[in-house]
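This report concerns only the one structure given below.
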Amino acid sequence: MTTTMRASAREMRHMVGRYLHARRCPGYAVNAIRDAIMAAQAEGYDAVTRMEEIREAYADARTGFAVRASETGLVLDGAGTPAAILAPAFVDELALAAAAGPATVRVEGVPGVAMLAALGEYAAVRGVAFRLDADGDDAAIATAERVTATPVVPAESAAGPAMRRILLEGYEMDAEQFWRLFHESNEALTPDSELSRRHAGSQLYDEEGNLLGEAGEETYVHLRSESGSTAVPA
């Protein structure tokens with residue numbers, strides 16, 4: 001019996017994004033958090049498992065740090081928010097801190113902080129190189145500097161060698177985990193209804209075929225919530 005399988009980068013992009021929507025992660029932050037999770041997974045950190053472990057933390061989560069200055073440099077306080085959620089903000093803060101030269105930043109109150117060390121390629125695309133020295137599970141010291149940003153050329157190098165390998169080979173995953181994510185991520189889709197049968201893709205139409213507007217996955221989450229449906233959409 002097969003216990004592992006490979007999921008393409010495209011499959012994972014859809015599943016991870018929809019999973020975050022289904023867990024009510026703030027919609028404006030989903031894409032950035034998704035990309036950070038996929039980047040860390042590509043670099044060898046089991047970010048997808050960590051994403052599942054913190055499933056109760058997404059609703060109304062803070063997506064930025066409380067920033068303050070100290071005698072030794074900048075302090076980024078996550079106030080208990082897991083690293084997977086704050087990963088994009090971490091790289092953004094490093095980029096700002098290192099804008100005028102190399103910088104040392106202390107991170108605290110970020111459970112699972114070790115994940116941040118697996119964001120090297122994610123940061124390089126944004127023109128940042130850093131080193132992370134963990135201090136327990138929720139604190140670390142990061143030293144950062146600005147570098148020439150890695151060019152994003154999908155047909156050639158994607159966002160670095162780790163992601164290039166993923167584009168060619170896919171993510172190796174536990175089969176049970178893949179199917180669990182597949183079904184849970186489908187919770188973000190709209191249930192089968194008169195409304196769902198009146199639209200194509202993100203476009204919504206009325207019963208006479210008139211275009212009403214566009215809908216994103218946040219809309220589908222709302223529709224599922226209002227309908228009380230847990231069925232997998234048709």
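So you can find residues: chains in the structure tokens are A, B, ... in the order shown, residues in each start at 1, and ligands are numbered from 1 in order.
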Exercise. Tell me, which residues of stretch 2-92 of chain A carry DSSP helix (DSSP H, G or I), written as a PyMOL selection string?
Worked result: chain A and resi 9-22+27-42+47-53+55-57+83-92
Identify, on the basis of only C-alpha atoms, every residue whose closest approach to A:Ala9 does not exceed 12 Å; exclude the query and any residue fewer than 6 positions from it along the same chain; express the result as an mmCIF file with N, CA, C and O atoms, in the first residue's frame.
data_model
loop_
_atom_site.group_PDB
_atom_site.id
_atom_site.type_symbol
_atom_site.label_atom_id
_atom_site.label_comp_id
_atom_site.auth_asym_id
_atom_site.auth_seq_id
_atom_site.Cartn_x
_atom_site.Cartn_y
_atom_site.Cartn_z
ATOM 1 N N MET A 15 -4.515 23.771 -2.386
ATOM 2 C CA MET A 15 -4.948 23.148 -1.137
ATOM 3 C C MET A 15 -4.582 23.996 0.074
ATOM 4 O O MET A 15 -5.408 24.186 0.977
ATOM 5 N N VAL A 16 -3.346 24.483 0.111
ATOM 6 C CA VAL A 16 -2.922 25.269 1.270
ATOM 7 C C VAL A 16 -3.722 26.570 1.354
ATOM 8 O O VAL A 16 -4.196 26.961 2.422
ATOM 9 N N GLY A 17 -3.913 27.235 0.218
ATOM 10 C CA GLY A 17 -4.697 28.471 0.237
ATOM 11 C C GLY A 17 -6.122 28.245 0.689
ATOM 12 O O GLY A 17 -6.659 28.989 1.521
ATOM 13 N N ARG A 34 0.358 31.445 2.624
ATOM 14 C CA ARG A 34 0.447 30.242 1.788
ATOM 15 C C ARG A 34 1.821 30.126 1.138
ATOM 16 O O ARG A 34 2.462 29.069 1.184
ATOM 17 N N ASP A 35 2.292 31.204 0.535
ATOM 18 C CA ASP A 35 3.574 31.163 -0.166
ATOM 19 C C ASP A 35 4.730 30.902 0.797
ATOM 20 O O ASP A 35 5.687 30.194 0.461
ATOM 21 N N ILE A 37 4.553 29.225 3.661
ATOM 22 C CA ILE A 37 4.466 27.819 4.070
ATOM 23 C C ILE A 37 5.034 26.916 2.983
ATOM 24 O O ILE A 37 5.813 25.993 3.257
ATOM 25 N N MET A 38 4.685 27.170 1.737
ATOM 26 C CA MET A 38 5.182 26.357 0.637
ATOM 27 C C MET A 38 6.693 26.503 0.470
ATOM 28 O O MET A 38 7.396 25.534 0.160
ATOM 29 N N ALA A 39 7.214 27.715 0.682
ATOM 30 C CA ALA A 39 8.649 27.942 0.568
ATOM 31 C C ALA A 39 9.405 27.197 1.666
ATOM 32 O O ALA A 39 10.445 26.579 1.408
ATOM 33 N N GLN A 41 8.380 24.556 3.289
ATOM 34 C CA GLN A 41 8.267 23.129 2.998
ATOM 35 C C GLN A 41 9.297 22.722 1.937
ATOM 36 O O GLN A 41 9.931 21.673 2.045
ATOM 37 N N ALA A 42 9.481 23.555 0.932
ATOM 38 C CA ALA A 42 10.451 23.270 -0.124
ATOM 39 C C ALA A 42 11.873 23.210 0.418
ATOM 40 O O ALA A 42 12.706 22.442 -0.070
ATOM 41 N N PRO A 154 9.807 31.934 -13.700
ATOM 42 C CA PRO A 154 9.188 30.620 -13.521
ATOM 43 C C PRO A 154 9.736 29.525 -14.422
ATOM 44 O O PRO A 154 9.916 28.395 -13.991
ATOM 45 N N ALA A 158 12.384 29.735 -10.944
ATOM 46 C CA ALA A 158 11.318 29.967 -9.953
ATOM 47 C C ALA A 158 11.826 30.977 -8.936
ATOM 48 O O ALA A 158 12.125 32.101 -9.276
ATOM 49 N N ALA A 162 15.563 25.350 -4.394
ATOM 50 C CA ALA A 162 14.609 24.482 -3.694
ATOM 51 C C ALA A 162 13.253 24.505 -4.385
ATOM 52 O O ALA A 162 12.645 23.460 -4.619
ATOM 53 N N MET A 163 12.781 25.702 -4.738
ATOM 54 C CA MET A 163 11.489 25.775 -5.405
ATOM 55 C C MET A 163 11.573 25.262 -6.836
ATOM 56 O O MET A 163 10.600 24.700 -7.353
ATOM 57 N N ARG A 164 12.713 25.421 -7.477
ATOM 58 C CA ARG A 164 12.873 24.856 -8.812
ATOM 59 C C ARG A 164 12.723 23.333 -8.761
ATOM 60 O O ARG A 164 12.086 22.729 -9.616
ATOM 61 N N ARG A 165 13.312 22.718 -7.738
ATOM 62 C CA ARG A 165 13.170 21.267 -7.575
ATOM 63 C C ARG A 165 11.711 20.883 -7.367
ATOM 64 O O ARG A 165 11.231 19.886 -7.924
ATOM 65 N N ILE A 166 10.985 21.689 -6.582
ATOM 66 C CA ILE A 166 9.572 21.406 -6.340
ATOM 67 C C ILE A 166 8.771 21.504 -7.634
ATOM 68 O O ILE A 166 7.879 20.682 -7.898
ATOM 69 N N LEU A 167 9.075 22.494 -8.467
ATOM 70 C CA LEU A 167 8.355 22.626 -9.726
ATOM 71 C C LEU A 167 8.580 21.412 -10.621
ATOM 72 O O LEU A 167 7.688 21.004 -11.365
ATOM 73 N N LEU A 168 9.754 20.824 -10.531
ATOM 74 C CA LEU A 168 10.074 19.664 -11.366
ATOM 75 C C LEU A 168 9.593 18.350 -10.758
ATOM 76 O O LEU A 168 9.128 17.458 -11.471
ATOM 77 N N GLU A 169 9.687 18.226 -9.435
ATOM 78 C CA GLU A 169 9.440 16.938 -8.781
ATOM 79 C C GLU A 169 8.201 16.911 -7.895
ATOM 80 O O GLU A 169 7.692 15.845 -7.567
ATOM 81 N N GLY A 170 7.713 18.073 -7.488
ATOM 82 C CA GLY A 170 6.581 18.127 -6.578
ATOM 83 C C GLY A 170 7.003 17.946 -5.124
ATOM 84 O O GLY A 170 8.176 17.716 -4.815
ATOM 85 N N TYR A 171 6.031 18.059 -4.235
ATOM 86 C CA TYR A 171 6.252 17.850 -2.806
ATOM 87 C C TYR A 171 5.976 16.392 -2.470
ATOM 88 O O TYR A 171 4.938 15.853 -2.845
ATOM 89 N N GLU A 172 6.883 15.747 -1.751
ATOM 90 C CA GLU A 172 6.623 14.393 -1.275
ATOM 91 C C GLU A 172 5.859 14.489 0.039
ATOM 92 O O GLU A 172 6.289 15.176 0.971
ATOM 93 N N MET A 173 4.712 13.814 0.110
ATOM 94 C CA MET A 173 3.839 13.931 1.265
ATOM 95 C C MET A 173 3.328 12.575 1.706
ATOM 96 O O MET A 173 3.255 11.632 0.914
#
Need to verify the contact set: stretch 86-102 of chain A, 6 Å, only C-alpha atoms, exclusion of same-chain residues closer than 3 positions in sequence. Can you return it as a JSON list (two decimals) with C-alpha atoms, in the first residue's frame?
[["chain", "number", "residue", "atom", "x", "y", "z"],
["A", 63, "THR", "CA", -0.62, 39.07, 11.02],
["A", 64, "GLY", "CA", 1.98, 41.61, 12.14],
["A", 83, "ALA", "CA", 5.53, 31.52, 13.16],
["A", 123, "ALA", "CA", 13.49, 36.24, 1.68],
["A", 128, "VAL", "CA", 17.00, 39.95, 2.05],
["A", 144, "ALA", "CA", 19.86, 40.46, 8.22],
["A", 145, "GLU", "CA", 21.26, 42.37, 5.27],
["A", 146, "ARG", "CA", 19.95, 43.58, 1.95]]
For this session: Within stretch 19-125 of chain A, find each residue whose DSSP state, derived from the backbone, is strand (DSSP E), and express the selection as a ChimeraX atom specification.
Result: /A:66-70,73-77,103-108
Store the residues picked out above in a file with N, CA and C atoms, as a PDB file, in the first residue's frame.
ATOM      1  N   ALA A  66       4.227  43.506  17.028  1.00  0.00           N
ATOM      2  CA  ALA A  66       4.386  44.729  17.808  1.00  0.00           C
ATOM      3  C   ALA A  66       5.886  45.018  17.798  1.00  0.00           C
ATOM      4  N   VAL A  67       6.257  46.149  17.237  1.00  0.00           N
ATOM      5  CA  VAL A  67       7.676  46.465  17.028  1.00  0.00           C
ATOM      6  C   VAL A  67       8.114  47.535  18.023  1.00  0.00           C
ATOM      7  N   ARG A  68       9.256  47.279  18.641  1.00  0.00           N
ATOM      8  CA  ARG A  68       9.799  48.270  19.562  1.00  0.00           C
ATOM      9  C   ARG A  68      11.329  48.259  19.467  1.00  0.00           C
ATOM     10  N   ALA A  69      11.917  49.335  19.898  1.00  0.00           N
ATOM     11  CA  ALA A  69      13.378  49.437  19.916  1.00  0.00           C
ATOM     12  C   ALA A  69      13.901  49.087  21.298  1.00  0.00           C
ATOM     13  N   SER A  70      15.076  48.469  21.318  1.00  0.00           N
ATOM     14  CA  SER A  70      15.747  48.171  22.579  1.00  0.00           C
ATOM     15  C   SER A  70      17.189  48.625  22.480  1.00  0.00           C
ATOM     16  N   GLY A  73      18.854  46.658  19.715  1.00  0.00           N
ATOM     17  CA  GLY A  73      18.298  46.676  18.367  1.00  0.00           C
ATOM     18  C   GLY A  73      16.789  46.533  18.377  1.00  0.00           C
ATOM     19  N   LEU A  74      16.248  46.200  17.229  1.00  0.00           N
ATOM     20  CA  LEU A  74      14.813  46.090  17.058  1.00  0.00           C
ATOM     21  C   LEU A  74      14.286  44.802  17.697  1.00  0.00           C
ATOM     22  N   VAL A  75      13.088  44.876  18.280  1.00  0.00           N
ATOM     23  CA  VAL A  75      12.426  43.699  18.846  1.00  0.00           C
ATOM     24  C   VAL A  75      11.094  43.514  18.143  1.00  0.00           C
ATOM     25  N   LEU A  76      10.850  42.297  17.636  1.00  0.00           N
ATOM     26  CA  LEU A  76       9.584  41.937  16.998  1.00  0.00           C
ATOM     27  C   LEU A  76       8.835  41.008  17.943  1.00  0.00           C
ATOM     28  N   ASP A  77       7.730  41.483  18.477  1.00  0.00           N
ATOM     29  CA  ASP A  77       6.956  40.712  19.452  1.00  0.00           C
ATOM     30  C   ASP A  77       5.708  40.147  18.777  1.00  0.00           C
ATOM     31  N   ALA A 103      21.508  44.514  10.046  1.00  0.00           N
ATOM     32  CA  ALA A 103      20.727  44.767  11.266  1.00  0.00           C
ATOM     33  C   ALA A 103      20.592  43.486  12.077  1.00  0.00           C
ATOM     34  N   THR A 104      20.467  43.662  13.379  1.00  0.00           N
ATOM     35  CA  THR A 104      20.199  42.557  14.294  1.00  0.00           C
ATOM     36  C   THR A 104      18.818  42.768  14.897  1.00  0.00           C
ATOM     37  N   VAL A 105      18.006  41.744  14.843  1.00  0.00           N
ATOM     38  CA  VAL A 105      16.613  41.836  15.284  1.00  0.00           C
ATOM     39  C   VAL A 105      16.324  40.690  16.239  1.00  0.00           C
ATOM     40  N   ARG A 106      15.657  40.993  17.334  1.00  0.00           N
ATOM     41  CA  ARG A 106      15.212  39.935  18.250  1.00  0.00           C
ATOM     42  C   ARG A 106      13.742  39.638  17.991  1.00  0.00           C
ATOM     43  N   VAL A 107      13.429  38.355  17.865  1.00  0.00           N
ATOM     44  CA  VAL A 107      12.050  37.898  17.680  1.00  0.00           C
ATOM     45  C   VAL A 107      11.625  37.202  18.961  1.00  0.00           C
ATOM     46  N   GLU A 108      10.451  37.523  19.465  1.00  0.00           N
ATOM     47  CA  GLU A 108       9.964  36.867  20.680  1.00  0.00           C
ATOM     48  C   GLU A 108       8.459  36.687  20.610  1.00  0.00           C
TER      49      GLU A 108
END
Which neighbours of A:Thr148 fall inside 10 Å, counting only C-alpha atoms, when residues of the same chain fewer than 3 positions from it are skipped, and could you give them as a short mmCIF file (atom, residue, chain, number, x, y, z; two decimals) with N, CA, C and O atoms, in the first residue's frame?
data_model
loop_
_atom_site.label_atom_id
_atom_site.label_comp_id
_atom_site.auth_asym_id
_atom_site.auth_seq_id
_atom_site.Cartn_x
_atom_site.Cartn_y
_atom_site.Cartn_z
N ALA A 124 15.09 35.85 -0.11
CA ALA A 124 16.01 36.27 -1.17
C ALA A 124 15.26 36.91 -2.33
O ALA A 124 15.76 37.84 -2.97
N VAL A 125 14.07 36.42 -2.63
CA VAL A 125 13.25 37.03 -3.68
C VAL A 125 12.92 38.48 -3.31
O VAL A 125 12.73 39.32 -4.20
N ARG A 126 12.88 38.78 -2.05
CA ARG A 126 12.54 40.11 -1.56
C ARG A 126 13.79 40.92 -1.20
O ARG A 126 13.69 41.96 -0.55
N GLY A 127 14.95 40.41 -1.62
CA GLY A 127 16.19 41.17 -1.45
C GLY A 127 16.76 41.15 -0.06
O GLY A 127 17.44 42.10 0.36
N VAL A 128 16.52 40.06 0.67
CA VAL A 128 17.00 39.95 2.05
C VAL A 128 17.73 38.62 2.25
O VAL A 128 17.26 37.58 1.79
N ALA A 129 18.86 38.67 2.94
CA ALA A 129 19.54 37.46 3.39
C ALA A 129 19.63 37.54 4.91
O ALA A 129 19.87 38.62 5.47
N PRO A 151 15.92 36.90 -9.01
CA PRO A 151 14.89 37.12 -10.03
C PRO A 151 13.91 35.96 -10.07
O PRO A 151 14.30 34.79 -9.91
#
For this session: Might you pull out every residue within 9 Å of A:Met51, with only C-alpha atoms counted and same-chain residues fewer than 3 positions away left off, and present them as a list in words?
Result: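 Skipping anything fewer than 3 positions along the chain leaves Val16, Leu20, Ile37, Asp46, Ala47, Val48, Ile54, Arg55, Ala84 and Ile85 of chain A.
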